[in-house]
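Undergrad: Have a look at this one.
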Amino acid sequence: MLLPNILLTGTPGVGKTTLGKELASRSGLKYVNVGDLAREGELYDGFDEEYNCPILDEDRVIDELDNQMRDGGVIVDYHGCDFFPERWFHIVFVLRTDTSVLYKRLETRGYSEKKLNDNIQCEIFQVLYEEAMESYKEEIVHQLPSNKPEELEENISQILKWIEQWIKDHNS
């Protein structure tokens, strides 16, 4: 059976992981958090002193994921999207969060002032949305509000309906 691949992207703290894990458990699709994948496989290419974090080796991430993506049925969660092959995804969801809500979420993660401000700027200037629009056909890119639990539920139910319809359309 053919299953869709979904990309969840957006600024850190918008709720990609919460949404992705919940979607996977309710849909039966496989959930992949690229940050965790990189950590487990040490898919890094150096260290960013300014942000005090490892630099993702994008080519190795693609090599690592390519077979799974070809098989389908994968939900990918990452705060960047311009390096993934366009052919991988059937739909892209960019989660958006009000900056006041986002600030509180990132603060509880213990982000430095610089990292906090850079991520808030990223959200204000719709950086990830623009990146998604430039990287994929615009008809597959959708923005979803991600501020409160009701929106999370609404997003889950909308995406589950989309998955169900996609499966019907591609397996008849």
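Residues in the structure tokens are numbered from 1 in each chain, the chains being A, B, ... in the order shown, and ligands are numbered from 1 in the order shown.
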Give me the residues near segment 136-146 of chain A as a list in words, where near means some atom within 9 Å (using only C-alpha atoms) and where sequence neighbours in that chain fewer than 3 positions away do not count.
TA: Val14, Gly15, Lys16, Asp82, Glu86, Arg87, Phe89, His90, Ile91, Val92, Phe93, Val94, Leu95, Arg96, Thr97, Asp98, Tyr129, Glu131, Ala132, Met133, Pro149, Glu150, Glu151, Leu152 and Asn155 of chain A
Undergrad: The selected residues should be written to file as an mmCIF file, in the first residue's frame (atoms: C-alpha atoms).
TA:
```cif
data_model
loop_
_atom_site.group_PDB
_atom_site.id
_atom_site.type_symbol
_atom_site.label_atom_id
_atom_site.label_comp_id
_atom_site.auth_asym_id
_atom_site.auth_seq_id
_atom_site.Cartn_x
_atom_site.Cartn_y
_atom_site.Cartn_z
ATOM 1 C CA VAL A 14 6.348 25.736 17.506
ATOM 2 C CA GLY A 15 5.229 22.191 18.384
ATOM 3 C CA LYS A 16 6.528 20.000 15.540
ATOM 4 C CA ASP A 82 15.593 23.457 2.013
ATOM 5 C CA GLU A 86 11.620 17.815 -3.211
ATOM 6 C CA ARG A 87 10.442 14.341 -4.320
ATOM 7 C CA PHE A 89 7.216 14.947 0.462
ATOM 8 C CA HIS A 90 3.580 14.835 -0.576
ATOM 9 C CA ILE A 91 2.639 17.652 1.792
ATOM 10 C CA VAL A 92 4.482 20.187 3.946
ATOM 11 C CA PHE A 93 3.068 21.767 7.104
ATOM 12 C CA VAL A 94 4.721 24.892 8.508
ATOM 13 C CA LEU A 95 3.701 25.382 12.127
ATOM 14 C CA ARG A 96 3.331 29.005 13.235
ATOM 15 C CA THR A 97 3.233 30.301 16.800
ATOM 16 C CA ASP A 98 2.622 33.788 18.204
ATOM 17 C CA TYR A 129 7.479 29.480 5.650
ATOM 18 C CA GLU A 131 12.010 28.489 2.873
ATOM 19 C CA ALA A 132 9.216 25.937 2.402
ATOM 20 C CA MET A 133 7.572 28.019 -0.345
ATOM 21 C CA PRO A 149 -4.065 22.583 22.811
ATOM 22 C CA GLU A 150 -7.294 23.114 20.810
ATOM 23 C CA GLU A 151 -5.232 24.044 17.749
ATOM 24 C CA LEU A 152 -3.098 20.938 18.221
ATOM 25 C CA ASN A 155 -4.304 20.173 13.294
#
```
Undergrad: Go ahead and compute the interatomic distance for atom CA of Tyr103 of chain A and atom CA of Leu19 of chain A, in Å to one decimal.
TA: 18.8 Å
Undergrad: Find the spatial neighbours of segment 57-66 of chain A, counting only C-alpha atoms, within a cut-off of 9 Å - ignore same-chain residues fewer than 2 positions away - and output them as a ChimeraX atom specification.
TA: /A:34,37-38,41-46,55,68-71,83-85,88
Undergrad: Dump C-alpha atoms for the selected residues as a PDB file, in the first residue's frame?
TA:
```pdb
ATOM      1  CA  VAL A  34      15.907  14.710  12.275  1.00  0.00           C
ATOM      2  CA  LEU A  37      18.416  10.911  14.048  1.00  0.00           C
ATOM      3  CA  ALA A  38      21.525  13.100  13.749  1.00  0.00           C
ATOM      4  CA  GLY A  41      23.991   8.504  14.109  1.00  0.00           C
ATOM      5  CA  GLU A  42      26.389  11.392  14.876  1.00  0.00           C
ATOM      6  CA  LEU A  43      25.486  12.914  11.508  1.00  0.00           C
ATOM      7  CA  TYR A  44      27.429  16.100  12.160  1.00  0.00           C
ATOM      8  CA  ASP A  45      29.896  18.183  10.256  1.00  0.00           C
ATOM      9  CA  GLY A  46      31.658  20.282  12.871  1.00  0.00           C
ATOM     10  CA  ILE A  55      26.334  21.409  12.599  1.00  0.00           C
ATOM     11  CA  GLN A  68      12.609   4.992   4.230  1.00  0.00           C
ATOM     12  CA  MET A  69      11.361   7.985   2.285  1.00  0.00           C
ATOM     13  CA  ARG A  70      11.158   5.936  -0.898  1.00  0.00           C
ATOM     14  CA  ASP A  71       9.018   3.356   0.932  1.00  0.00           C
ATOM     15  CA  PHE A  83      18.052  20.546   1.830  1.00  0.00           C
ATOM     16  CA  PHE A  84      15.544  17.670   1.604  1.00  0.00           C
ATOM     17  CA  PRO A  85      14.880  16.349  -1.910  1.00  0.00           C
ATOM     18  CA  TRP A  88      10.337  13.137  -0.717  1.00  0.00           C
TER      19      TRP A  88
END
```
Undergrad: From the options A:Gly110, A:Gly80, A:Gly28, A:Gly73, which residue's atoms come nearest to Ile6 of chain A, counting only C-alpha atoms?
TA: A:Gly73
Undergrad: Of the candidates A:Pro12, A:Asn171, A:Ser27, A:Leu56, which one gets nearest to Asn117 of chain A if we count only C-alpha atoms?
TA: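 That would be A:Pro12, the residue with the smallest distance to Asn117 of chain A.
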Undergrad: Looking only at the backbone, which of the residues in chain A does DSSP tag as strand (DSSP E or B), as an NGL selection string?
TA: :A and (6-9 or 30-33 or 44-48 or 53-56 or 74-77 or 91-96 or 141-145)
Undergrad: Would you mind reading off the distance between atom CA of Lys114 of chain A and atom CA of Leu7 of chain A, one decimal, in Å?
TA: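 Atom CA of Lys114 of chain A sits 27.2 Å away from atom CA of Leu7 of chain A.
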Undergrad: One decimal, in Å: what's the spacing between atom CA of Lys148 of chain A and atom CA of Leu23 of chain A?
TA: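 Separation of atom CA of Lys148 of chain A and atom CA of Leu23 of chain A: 16.4 Å.
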Undergrad: For Ile163 of chain A, which residue among A:Lys104, A:Asn52, A:Arg26, A:Cys122 is the nearest when counting only C-alpha atoms?
TA: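 Ranked by minimum distance to Ile163 of chain A, first place goes to A:Arg26.
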Undergrad: Just want the 10 Å neighbourhood of Trp166 of chain A, counted on only C-alpha atoms, with same-chain residues fewer than 6 positions away dropped. Output as a list of chain:residue names.
TA: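 That gives A:Leu2, A:Leu3, A:Pro4, A:His90, A:Leu160.
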Undergrad: Restricting the calculation to only C-alpha atoms, which member of A:Val76, A:Ile156, A:Met1, A:Leu128 is positioned closest to Gly35 of chain A?
TA: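 When distances to Gly35 of chain A are compared using only C-alpha atoms, the smallest one comes from A:Val76.
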Undergrad: According to DSSP computed on the backbone, where in segment 54-168 of chain A is there alpha helix (DSSP H)? Give the residues as a PyMOL selection string.
TA: chain A and resi 58-71+99-108+113-124+127-135+149-168
Undergrad: Excluding Gly13 of chain A and residues on its chain fewer than 6 positions from it, collect all residues at most 9 Å away from it, counting only C-alpha atoms, and give them as a list of chain:residue names.
TA: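 Everything that qualifies: A:Thr97, A:Leu102, A:Tyr103, A:Arg105, A:Leu106, A:Arg109, A:Asn119.
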